[in-house]
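Colleague: my_file-v4.csv is reproduced below (CSV, C-alpha atoms).
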chain,number,residue,atom,x,y,z
Y,1,MET,CA,75.2,95.1,92.9
Y,2,THR,CA,73.6,98.6,93.2
Y,3,GLN,CA,75.3,101.0,95.6
Y,4,ARG,CA,72.8,103.1,97.5
Y,5,ASN,CA,73.7,106.6,98.2
Y,6,ASP,CA,74.1,107.6,101.8
Y,7,PRO,CA,70.7,108.9,102.8
Y,8,ARG,CA,72.2,111.6,105.0
Y,9,ASP,CA,74.2,112.9,102.0
Y,10,GLU,CA,71.2,112.8,99.8
Y,11,LEU,CA,69.1,114.8,102.2
Y,12,TYR,CA,71.9,117.3,102.7
Y,13,ARG,CA,72.4,117.8,98.9
Y,14,LEU,CA,68.7,118.2,98.3
Y,15,HIS,CA,67.8,120.5,101.2
Y,16,ALA,CA,70.7,122.0,103.0
Y,17,ALA,CA,71.2,125.0,100.7
Y,18,ALA,CA,67.6,126.1,101.1
Y,19,ALA,CA,67.9,125.7,104.9
Y,20,PHE,CA,71.1,127.7,105.0
Y,21,ARG,CA,69.6,130.5,102.8
Y,22,ARG,CA,66.7,131.0,105.1
Y,23,ALA,CA,68.8,130.8,108.2
Y,24,GLN,CA,71.2,133.3,106.9
Y,25,ARG,CA,68.5,135.8,106.0
Y,26,LEU,CA,66.9,135.5,109.4
Y,27,LEU,CA,70.0,135.7,111.4
Y,28,GLY,CA,72.2,137.9,109.2
Y,29,SER,CA,75.3,135.8,109.8
Y,30,GLU,CA,76.8,132.9,107.8
Y,31,ALA,CA,78.4,131.3,110.9
Y,32,ASP,CA,75.1,131.4,112.8
Y,33,ALA,CA,73.3,130.0,109.8
Y,34,ASP,CA,75.8,127.1,109.5
Y,35,GLU,CA,75.2,126.3,113.2
Y,36,VAL,CA,71.4,126.2,112.7
Y,37,VAL,CA,71.7,124.1,109.6
Y,38,HIS,CA,74.0,121.7,111.4
Y,39,ASP,CA,71.7,121.4,114.4
Y,40,VAL,CA,68.6,121.0,112.3
Y,41,PHE,CA,70.1,118.4,110.1
Y,42,LEU,CA,71.5,116.4,113.0
Y,43,ALA,CA,68.0,116.4,114.5
Y,44,LEU,CA,66.5,115.5,111.2
Y,45,LEU,CA,68.9,112.6,110.5
Y,46,GLU,CA,68.2,111.1,114.0
Y,47,ARG,CA,64.6,110.7,113.0
Y,48,LEU,CA,65.2,110.1,109.3
Y,49,GLU,CA,62.9,107.1,108.9
Y,50,PRO,CA,59.7,108.6,110.4
Y,51,ILE,CA,60.4,111.9,108.6
Y,52,GLN,CA,60.9,110.2,105.2
Y,53,THR,CA,57.6,108.4,105.4
Y,54,THR,CA,55.3,111.0,106.8
Y,55,VAL,CA,56.5,114.5,106.2
Y,56,ASP,CA,57.2,116.9,103.3
Y,57,ILE,CA,60.9,117.5,104.0
Y,58,SER,CA,60.9,121.0,102.6
Y,59,ALA,CA,58.0,122.1,104.8
Y,60,TYR,CA,59.5,120.3,107.8
Y,61,LEU,CA,62.8,122.1,107.3
Y,62,TYR,CA,61.0,125.5,106.8
Y,63,GLY,CA,59.5,124.9,110.3
Y,64,ALA,CA,62.6,123.5,111.9
Y,65,VAL,CA,64.9,126.3,110.6
Y,66,THR,CA,62.4,129.0,111.6
Y,67,HIS,CA,62.1,127.7,115.2
Y,68,ALA,CA,65.8,127.3,115.5
Y,69,CYS,CA,66.4,130.9,114.2
Y,70,LEU,CA,63.7,132.3,116.5
Y,71,ASN,CA,65.3,130.6,119.5
Y,72,ARG,CA,68.6,132.2,118.6
Y,73,ILE,CA,67.1,135.6,118.1
Y,74,ARG,CA,65.3,135.3,121.4
Y,75,ASN,CA,68.0,133.9,123.7
Y,76,GLN,CA,69.1,136.3,126.4
Y,77,LYS,CA,72.6,137.1,125.0
Y,78,ASN,CA,71.3,137.8,121.5
Y,79,ARG,CA,68.4,139.9,122.8
Y,80,GLN,CA,70.9,142.0,124.8
Y,81,ARG,CA,73.0,142.4,121.7
Y,82,LEU,CA,70.0,143.3,119.5
Y,83,ARG,CA,68.9,145.9,122.0
Y,84,GLU,CA,72.3,147.4,122.0
Y,85,GLU,CA,72.7,147.4,118.3
Y,86,HIS,CA,69.2,148.6,117.8
Y,87,ALA,CA,69.7,151.5,120.1
Y,88,HIS,CA,73.0,152.3,118.4
Y,89,THR,CA,71.6,152.2,114.9
Y,90,LEU,CA,68.6,154.3,115.8
Y,91,ARG,CA,70.9,157.0,117.3
Y,92,ALA,CA,73.0,157.0,114.2
Y,93,PRO,CA,72.4,159.7,111.5
Y,94,HIS,CA,70.2,158.8,108.6
Y,95,SER,CA,68.7,156.0,110.6
Y,96,ASP,CA,65.4,156.3,108.8
Y,97,GLY,CA,64.6,152.6,108.4
Y,98,SER,CA,66.1,152.1,105.0
Y,99,GLY,CA,69.2,150.1,105.8
Y,100,PRO,CA,70.5,147.1,107.6
Y,101,GLU,CA,69.3,148.6,110.8
Y,102,TRP,CA,65.8,147.6,109.8
Y,103,ALA,CA,66.8,144.0,109.9
Y,104,LEU,CA,67.9,144.5,113.5
Y,105,THR,CA,64.6,146.2,114.2
Y,106,ALA,CA,62.7,143.4,112.6
Y,107,ARG,CA,64.7,140.8,114.6
Y,108,ALA,CA,63.9,142.8,117.7
Y,109,VAL,CA,60.2,142.6,116.7
Y,110,LEU,CA,60.4,138.9,116.1
Y,111,ALA,CA,62.1,138.4,119.5
Y,112,GLN,CA,59.1,140.0,121.2
Y,113,LEU,CA,56.4,138.2,119.3
Y,114,PRO,CA,54.6,135.2,120.7
Y,115,ASP,CA,55.9,132.0,119.0
Y,116,ASP,CA,53.0,131.3,116.7
Y,117,LEU,CA,52.8,135.0,115.6
Y,118,ALA,CA,56.6,135.1,115.1
Y,119,CYS,CA,56.5,132.0,112.9
Y,120,ALA,CA,53.5,133.4,110.9
Y,121,ALA,CA,55.4,136.7,110.5
Y,122,VAL,CA,58.5,134.9,109.1
Y,123,TYR,CA,56.5,132.9,106.6
Y,124,TYR,CA,54.4,135.8,105.5
Y,125,TYR,CA,56.8,138.7,105.5
Y,126,VAL,CA,60.2,137.0,105.0
Y,127,ASP,CA,59.3,134.0,102.9
Y,128,GLU,CA,56.3,135.6,101.3
Y,129,LEU,CA,54.3,132.3,101.4
Y,130,SER,CA,50.6,132.1,100.6
Y,131,HIS,CA,48.2,131.4,103.4
Y,132,ARG,CA,47.9,127.9,102.0
Y,133,GLU,CA,51.6,127.3,102.1
Y,134,ILE,CA,51.9,128.7,105.6
Y,135,ALA,CA,49.1,126.4,106.7
Y,136,GLU,CA,51.1,123.4,105.2
Y,137,VAL,CA,54.3,124.4,106.9
Y,138,MET,CA,52.6,125.1,110.3
Y,139,GLY,CA,50.3,122.1,110.0
Y,140,CYS,CA,47.1,123.9,110.6
Y,141,SER,CA,44.1,125.3,108.7
Y,142,ARG,CA,44.2,128.3,106.3
Y,143,ARG,CA,41.5,129.8,108.5
Y,144,HIS,CA,43.8,129.6,111.5
Y,145,ILE,CA,46.6,131.3,109.4
Y,146,GLY,CA,44.1,134.1,108.6
Y,147,ASN,CA,43.4,134.5,112.3
Y,148,LEU,CA,47.1,134.4,113.2
Y,149,LEU,CA,47.9,137.2,110.6
Y,150,ALA,CA,45.0,139.2,111.9
Y,151,ARG,CA,46.4,138.8,115.5
Y,152,LEU,CA,49.8,139.8,114.1
Y,153,ALA,CA,48.3,143.0,112.6
Y,154,ARG,CA,46.6,143.8,116.0
Y,155,TRP,CA,49.8,143.1,117.9
Y,156,THR,CA,51.9,145.3,115.6
Y,157,GLN,CA,49.3,148.1,115.9
Y,158,GLY,CA,49.6,147.8,119.7
Y,159,GLN,CA,53.3,147.9,119.6
Y,160,GLU,CA,53.4,150.7,117.0
Y,161,LYS,CA,54.0,153.5,119.5
Y,162,THR,CA,56.6,151.6,121.4
Y,163,LEU,CA,58.6,150.6,118.4
Y,164,CYS,CA,58.4,153.9,116.6
Y,165,GLU,CA,59.3,155.9,119.7
Y,166,LEU,CA,62.3,153.9,120.5
F,167,MET,CA,49.5,119.2,97.8
F,168,ARG,CA,49.6,121.8,95.1
F,169,ALA,CA,52.6,124.1,95.2
F,170,VAL,CA,51.5,126.1,92.1
F,171,SER,CA,47.8,126.9,92.4
F,172,ASP,CA,47.3,128.4,89.0
F,173,ALA,CA,49.3,129.2,85.9
F,174,ASP,CA,49.4,133.0,86.5
F,175,ALA,CA,50.3,132.9,90.2
F,176,CYS,CA,53.9,133.8,91.0
F,177,VAL,CA,55.7,130.9,92.7
F,178,SER,CA,57.0,131.0,96.2
F,179,ASN,CA,60.5,130.1,97.3
F,180,LEU,CA,59.0,127.1,99.0
F,181,ALA,CA,57.6,125.9,95.7
F,182,LEU,CA,61.0,126.5,94.1
F,183,ASP,CA,62.7,124.6,96.9
F,184,ARG,CA,60.4,121.7,96.5
F,185,TRP,CA,61.0,121.8,92.7
F,186,PHE,CA,64.8,121.8,93.2
F,187,SER,CA,64.6,118.9,95.6
F,188,GLY,CA,62.4,116.9,93.2
F,189,ALA,CA,59.5,116.9,95.7
F,190,LEU,CA,57.0,118.6,93.4
F,191,PRO,CA,54.4,116.3,91.7
F,192,SER,CA,55.1,116.2,88.0
F,193,GLU,CA,51.9,118.2,87.2
F,194,ASP,CA,52.9,121.0,89.6
F,195,ALA,CA,56.5,120.9,88.3
F,196,ARG,CA,55.2,121.4,84.7
F,197,ALA,CA,53.0,124.3,85.8
F,198,LEU,CA,56.0,125.9,87.6
F,199,GLN,CA,58.3,125.5,84.6
F,200,GLU,CA,55.7,127.0,82.3
F,201,HIS,CA,55.3,129.9,84.7
F,202,LEU,CA,59.1,130.5,84.7
F,203,THR,CA,59.1,130.8,81.0
F,204,THR,CA,56.5,133.6,81.1
F,205,CYS,CA,57.4,135.5,84.3
F,206,PRO,CA,60.9,137.1,84.2
F,207,ARG,CA,60.7,138.0,87.9
F,208,CYS,CA,60.2,134.5,89.0
F,209,ALA,CA,62.8,133.3,86.5
F,210,LEU,CA,65.3,135.7,87.9
F,211,ARG,CA,64.5,134.6,91.4
F,212,SER,CA,64.8,131.0,90.4
F,213,ASP,CA,68.2,131.7,88.9
F,214,GLU,CA,69.3,133.5,92.0
F,215,LEU,CA,68.3,130.6,94.3
F,216,ALA,CA,70.2,128.3,91.9
F,217,ARG,CA,73.2,130.5,92.2
F,218,GLN,CA,73.0,130.5,96.0
F,219,ARG,CA,72.6,126.7,96.0
F,220,ALA,CA,75.7,126.4,93.9
F,221,ALA,CA,77.7,128.7,96.1
F,222,PHE,CA,76.6,126.8,99.2
F,223,TYR,CA,77.5,123.4,97.8
F,224,ALA,CA,80.8,124.7,96.4
F,225,ARG,CA,81.7,125.6,100.0
F,226,ALA,CA,80.5,122.3,101.5
F,227,PRO,CA,79.6,119.7,98.9
F,228,GLY,CA,78.5,116.9,101.1
F,229,TRP,CA,77.3,116.2,104.6
F,230,ASP,CA,80.6,114.9,105.7
F,231,SER,CA,82.5,117.9,104.6
F,232,PHE,CA,79.9,120.2,106.1
F,233,GLU,CA,80.1,118.4,109.5
F,234,ARG,CA,83.9,118.4,109.5
F,235,ALA,CA,83.9,122.1,108.9
F,236,ARG,CA,81.4,122.6,111.7
F,237,ARG,CA,83.6,120.6,114.1
F,238,ARG,CA,86.6,122.6,113.1
F,239,ASP,CA,84.7,125.8,113.7
F,240,ARG,CA,83.5,124.7,117.1
F,241,ARG,CA,87.0,123.7,118.1
F,242,GLY,CA,88.7,126.8,116.9
F,243,GLY,CA,86.0,129.4,117.6
F,244,ARG,CA,83.9,131.1,115.0
F,245,GLY,CA,86.6,131.7,112.5
F,246,ALA,CA,85.6,134.3,109.9
F,247,LEU,CA,83.5,137.2,110.9
F,248,PRO,CA,79.9,136.8,110.1
F,249,ARG,CA,79.0,138.3,106.7
F,250,SER,CA,76.1,140.6,106.7
F,251,THR,CA,73.3,139.5,104.4
F,252,SER,CA,70.3,141.0,102.6
F,253,TRP,CA,68.1,143.0,104.9
F,254,ALA,CA,65.4,143.9,102.5
F,255,TRP,CA,63.1,141.2,103.9
F,256,SER,CA,62.8,143.2,107.1
F,257,VAL,CA,61.2,146.2,105.5
F,258,PRO,CA,57.6,145.0,105.4
F,259,LEU,CA,57.7,143.6,108.9
F,260,VAL,CA,59.1,146.8,110.3
F,261,ALA,CA,56.8,148.9,108.1
F,262,ALA,CA,53.9,146.9,109.5
F,263,ALA,CA,55.1,147.4,113.0
F,264,CYS,CA,55.6,151.1,112.6
F,265,ALA,CA,52.7,151.6,110.2
F,266,LEU,CA,55.0,153.6,107.8
F,267,GLY,CA,52.9,152.7,104.8
F,268,ILE,CA,54.1,154.9,102.1
F,269,GLU,CA,52.1,152.6,99.8
F,270,LEU,CA,55.2,150.4,99.6
F,271,GLY,CA,54.8,148.7,102.9
F,272,ILE,CA,53.0,145.6,101.6
F,273,ARG,CA,55.2,142.7,100.5
F,274,LEU,CA,58.5,143.7,99.1
F,275,GLU,CA,60.5,141.1,97.3
F,276,PRO,CA,63.9,140.5,98.9
F,277,ASP,CA,66.5,141.9,96.6
F,278,GLN,CA,69.5,139.5,96.7
F,279,SER,CA,70.7,140.3,93.2
F,280,SER,CA,73.6,142.5,92.7
F,281,SER,CA,72.4,146.1,93.1
F,282,ALA,CA,73.7,149.1,91.4
F,283,ALA,CA,73.6,150.8,94.8
F,284,SER,CA,76.1,148.3,96.2
F,285,VAL,CA,78.9,149.7,93.9
F,286,ARG,CA,78.1,153.4,94.3
F,287,SER,CA,80.5,155.4,96.3
F,288,LYS,CA,79.5,155.8,99.9
F,289,GLY,CA,77.6,158.9,100.6
F,290,ALA,CA,76.9,159.8,96.9
F,291,PRO,CA,73.3,160.7,96.2
F,292,SER,CA,71.4,157.9,94.4
F,293,ILE,CA,68.1,156.9,93.0
F,294,GLY,CA,66.2,153.6,93.4
F,295,PHE,CA,62.8,152.3,92.5
F,296,TYR,CA,60.0,149.9,93.3
F,297,VAL,CA,57.9,148.1,90.8
F,298,LYS,CA,54.2,147.4,91.4
F,299,ARG,CA,52.4,144.7,89.4
F,300,GLY,CA,48.9,144.0,90.5
F,301,GLU,CA,49.1,143.8,94.3
F,302,HIS,CA,52.7,142.7,94.4
F,303,ILE,CA,55.5,145.2,94.9
F,304,ARG,CA,59.1,144.5,94.5
F,305,ARG,CA,62.3,146.5,95.0
F,306,GLY,CA,64.0,146.9,91.7
F,307,SER,CA,67.7,147.3,90.8
F,308,SER,CA,69.5,148.5,87.8
F,309,GLY,CA,69.1,146.1,84.9
F,310,GLU,CA,65.6,145.1,86.1
F,311,LEU,CA,63.3,143.4,83.6
F,312,VAL,CA,60.0,145.3,83.6
F,313,GLN,CA,56.8,145.0,81.6
F,314,PRO,CA,54.4,147.4,80.0
F,315,GLY,CA,51.6,148.4,82.5
F,316,GLU,CA,53.7,148.0,85.6
F,317,LEU,CA,53.9,151.0,87.9
F,318,VAL,CA,57.3,152.3,88.9
F,319,ARG,CA,57.9,154.5,91.8
F,320,PHE,CA,61.3,156.1,92.2
F,321,THR,CA,63.1,156.9,95.4
F,322,TYR,CA,66.2,159.0,96.2
F,323,SER,CA,68.8,159.0,98.8
F,324,ALA,CA,70.8,162.1,99.6
F,325,GLU,CA,72.8,163.0,102.7
F,326,ARG,CA,72.0,166.7,102.4
F,327,PRO,CA,69.3,168.9,100.8
F,328,LEU,CA,70.0,169.1,97.0
F,329,HIS,CA,68.3,170.3,93.8
F,330,PHE,CA,67.1,167.3,91.9
F,331,ALA,CA,65.9,166.3,88.5
F,332,LEU,CA,64.7,162.9,87.3
F,333,LEU,CA,64.8,162.3,83.5
F,334,HIS,CA,64.6,159.2,81.3
F,335,GLY,CA,65.7,158.5,77.8
F,336,ASP,CA,64.5,155.7,75.5
F,337,ALA,CA,63.9,155.1,71.8
F,338,ALA,CA,61.1,157.6,71.8
F,339,GLY,CA,63.1,160.5,73.2
F,340,ALA,CA,63.7,162.0,76.6
F,341,ALA,CA,61.3,163.2,79.3
F,342,VAL,CA,61.5,165.0,82.6
F,343,HIS,CA,59.6,163.3,85.5
F,344,TYR,CA,60.9,165.6,88.3
F,345,PRO,CA,60.6,168.4,89.1
F,346,LYS,CA,57.0,169.5,88.3
F,347,PRO,CA,55.7,173.0,89.1
F,348,HIS,CA,54.4,172.0,92.5
F,349,HIS,CA,57.7,170.4,93.6
F,350,PRO,CA,60.0,172.2,96.1
F,351,ASP,CA,63.2,173.7,95.0
F,352,LYS,CA,65.3,171.3,96.9
F,353,LEU,CA,64.9,167.7,98.2
F,354,GLU,CA,65.2,167.1,101.8
F,355,ALA,CA,68.0,164.7,102.9
F,356,GLY,CA,66.9,161.1,103.4
F,357,ARG,CA,67.4,157.5,102.3
F,358,ASP,CA,65.1,155.7,99.9
F,359,VAL,CA,62.6,158.5,100.1
F,360,PRO,CA,59.8,157.8,97.6
F,361,LEU,CA,58.9,160.5,95.2
F,362,ASP,CA,55.3,161.6,95.2
F,363,PHE,CA,54.2,160.0,92.0
F,364,SER,CA,54.3,156.7,90.1
F,365,ILE,CA,54.9,156.1,86.4
F,366,ARG,CA,52.9,153.5,84.5
F,367,LEU,CA,55.2,151.9,81.9
F,368,ASP,CA,54.0,152.3,78.4
F,369,ALA,CA,53.9,149.7,75.6
F,370,LEU,CA,57.2,150.8,74.0
F,371,LEU,CA,59.6,147.9,74.5
F,372,GLY,CA,63.4,148.2,74.9
F,373,THR,CA,65.9,149.7,77.2
F,374,GLU,CA,65.3,152.8,79.2
F,375,ARG,CA,67.9,154.7,81.1
F,376,VAL,CA,66.7,156.8,84.1
F,377,TYR,CA,68.9,159.6,85.4
F,378,GLY,CA,68.8,161.2,88.8
F,379,VAL,CA,70.7,164.6,88.8
F,380,PHE,CA,71.6,166.0,92.1
F,381,CYS,CA,73.1,169.6,92.2
F,382,ASP,CA,74.0,172.3,94.7
F,383,ALA,CA,72.5,174.9,92.3
F,384,PRO,CA,69.2,175.0,90.5
F,385,ILE,CA,69.2,172.6,87.5
F,386,PRO,CA,68.6,173.8,83.9
F,387,VAL,CA,66.1,170.9,83.4
F,388,GLU,CA,64.8,171.7,79.9
F,389,SER,CA,68.3,172.1,78.5
F,390,LEU,CA,69.3,168.8,80.1
F,391,ARG,CA,66.3,167.1,78.6
F,392,ALA,CA,67.1,168.5,75.1
F,393,GLU,CA,70.7,167.4,75.4
F,394,LEU,CA,69.6,163.9,76.5
F,395,GLN,CA,67.3,163.7,73.6
F,396,ARG,CA,70.0,164.9,71.2
F,397,THR,CA,73.0,162.9,72.4
F,398,GLY,CA,71.5,160.1,74.6
F,399,HIS,CA,73.6,161.3,77.5
F,400,ILE,CA,73.5,163.7,80.4
F,401,PRO,CA,76.3,166.2,80.0
F,402,ASP,CA,78.8,167.0,82.8
F,403,LEU,CA,77.4,169.7,85.1
F,404,PRO,CA,79.5,171.6,87.6
F,405,HIS,CA,78.7,170.8,91.3
F,406,CYS,CA,76.3,168.0,90.2
F,407,GLN,CA,76.3,164.3,90.7
F,408,VAL,CA,74.4,162.0,88.4
F,409,ASP,CA,73.1,158.5,89.2
F,410,SER,CA,71.5,156.3,86.6
F,411,LEU,CA,69.5,153.1,86.3
F,412,VAL,CA,68.7,150.8,83.4
F,413,LEU,CA,65.3,149.2,82.9
F,414,HIS,CA,64.8,146.6,80.3
F,415,LYS,CA,61.1,146.6,79.2
F,416,ARG,CA,60.0,143.3,77.7
F,417,SER,CA,56.6,142.0,77.0
F,418,GLN,CA,55.5,138.8,78.8
Please rewrite the model in this file as structure tokens.
Modeller:
Amino acid sequence: MTQRNDPRDELYRLHAAAAFRRAQRLLGSEADADEVVHDVFLALLERLEPIQTTVDISAYLYGAVTHACLNRIRNQKNRQRLREEHAHTLRAPHSDGSGPEWALTARAVLAQLPDDLACAAVYYYVDELSHREIAEVMGCSRRHIGNLLARLARWTQGQEKTLCEL
Amino acid sequence: MRAVSDADACVSNLALDRWFSGALPSEDARALQEHLTTCPRCALRSDELARQRAAFYARAPGWDSFERARRRDRRGGRGALPRSTSWAWSVPLVAAACALGIELGIRLEPDQSSSAASVRSKGAPSIGFYVKRGEHIRRGSSGELVQPGELVRFTYSAERPLHFALLHGDAAGAAVHYPKPHHPDKLEAGRDVPLDFSIRLDALLGTERVYGVFCDAPIPVESLRAELQRTGHIPDLPHCQVDSLVLHKRSQ
């Protein structure tokens, strides 16, 4: 008799480390990343069958982790903390954008971006995916990704003064 | 779905994640593996991802153990303080937002490898560098594998204005890259400030050591270069601090 591996364990062993790595980079905290991975995997395991048959799990998890992290970055409590930490680091000496304070600033930028632009920014700047890969993860055309990144560039130009004068 | 579009293209973390999980079609997996044998940068990144995977699964090897740990954390509060993580990913995004440019503000590779800077004493002046290959720019760290033809741009960090010299020594001898006649006497204070020039790596393979010399007084640059060429070392200088980096130049 062949013993089948627990599919939950198999999914976890194949994909959890990558999900954790990305969540940790986006959130800057191991504990927060653990929570995101746990929540994302619980949601994934609930819909295991449809996911297994229809979706590229790596791409699905890139999307799910990104959304979960952006939600955390955006929630009211975190935004308040980011604002306070951001203001603190920018007042600190040698705060010239070359240290961890930039990560805070980047999270503050992500918190302000509309959802589709924030996702595109994460995939492009953080994950360094190609337009084709971003299109695969976001489930849209490469042309749409080009448009999103152009909008992102316009948005950042529009915010340039605000951010740099903070 | 093709995760590796052509043999020369560097592979993304998504492609590596698909490969690790066995989701890459065999043709793409072969192309990725071939690329890793010829691209030291991607090979290093692949190794780093593998190391991170091993660390993660050493902490929580299976779903059950991970879930048990999460339940314990939720019952008992957060437990250990969050560890800070690599921040380098944020540079291009903030650079885009603030239009800081400095020619580096394109797509910087997150540097998760151990960095020489991480073991320097706090507040000590230091040097760093970026490497540009084609349109891709990555942040380098001591011990970096580089290739002939790549452009290297050095940076410095100093908490106060200091005299500065940048020299390198390799099998061909020693050379001074900074200061040149048009350079100011002292550097301004700053962190990761790029110097105003790039160096294209020549075809001579081997190990190069680059020295950043920071002094309160003017630096006898030519005698330093001669000493470096003669002995292979920078001599002790009063009221000076020296930081160094190693580059391993290999062909593809």
Colleague: Give me the residues within 8 Å of stretch 120-123 of chain Y as a PDB file with C-alpha atoms, in the frame of the given file, counting only C-alpha atoms and dropping any in the same chain fewer than 6 places off.
Modeller:
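The resulting around_6.pdb:
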ATOM      1  CA  THR Y  66      62.400 129.000 111.600  1.00  0.00           C
ATOM      2  CA  LEU Y 110      60.400 138.900 116.100  1.00  0.00           C
ATOM      3  CA  LEU Y 129      54.300 132.300 101.400  1.00  0.00           C
ATOM      4  CA  ILE Y 134      51.900 128.700 105.600  1.00  0.00           C
ATOM      5  CA  ILE Y 145      46.600 131.300 109.400  1.00  0.00           C
ATOM      6  CA  LEU Y 148      47.100 134.400 113.200  1.00  0.00           C
ATOM      7  CA  LEU Y 149      47.900 137.200 110.600  1.00  0.00           C
ATOM      8  CA  LEU Y 152      49.800 139.800 114.100  1.00  0.00           C
TER       9      LEU Y 152
ATOM     10  CA  LEU F 259      57.700 143.600 108.900  1.00  0.00           C
TER      11      LEU F 259
END
Colleague: Just checking: using only C-alpha atoms, which residue out of Y:Cys69, Y:Ile57, Y:Glu133, Y:Glu30 ends up closest to Y:Ala111?
Modeller: Y:Cys69
Colleague: Calculated over all atoms listed in the file, which of the candidates F:Arg211, F:Ala369, F:Lys346, F:Pro291 has the smallest distance to F:Gly315?
Modeller: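 Nearest to F:Gly315: F:Ala369.
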Colleague: When distances are computed from all atoms listed in the file, which of F:Leu202, F:Cys208, F:Leu215, F:Ile303 shows the smallest separation from chain Y?
Modeller: F:Leu215
Colleague: For atom CA of F:Val312 and atom CA of F:His414, determine how far apart the two atoms are, in Å to one decimal place.
Modeller: 6.0 Å
Colleague: Between atom CA of Y:Ala153 and atom CA of Y:Gly63, measure the distance and give it in Å to one decimal.
Modeller: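 Atom-to-atom, atom CA of Y:Ala153 and atom CA of Y:Gly63 are spaced 21.4 Å apart.
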Colleague: In Å, how far is it from atom CA of F:Ala220 to atom CA of Y:Ala23?
Modeller: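 Distance between the two atoms: 16.5 Å.
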Colleague: Using all atoms listed in the file, find the one residue out of F:Lys352, F:Arg366, F:His343, F:Val412 that sits nearest to F:Val387.
Modeller: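 So, comparing all the options, the nearest one is F:His343.
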Colleague: When distances are computed from all atoms listed in the file, which of F:Arg225, F:Arg357, F:His334, F:His302 shows the smallest separation from chain Y?
Modeller: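 For chain Y, the nearest of the candidates is F:Arg357.
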Colleague: In terms of the shortest atom-to-atom distance over only C-alpha atoms, which of F:Gly378, F:Pro404, F:Pro360, F:Gly309 is closest to chain Y?
Modeller: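 Closest residue, counting only C-alpha atoms: F:Pro360.
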Colleague: Determine, counting all atoms listed in the file, every residue of protein, DNA or RNA that lies within 9 Å of (54.2, 150.9, 78.0) in the file coordinates, then give the result as a PyMOL selection string.
Modeller: chain F and resi 313-316+366-371+415
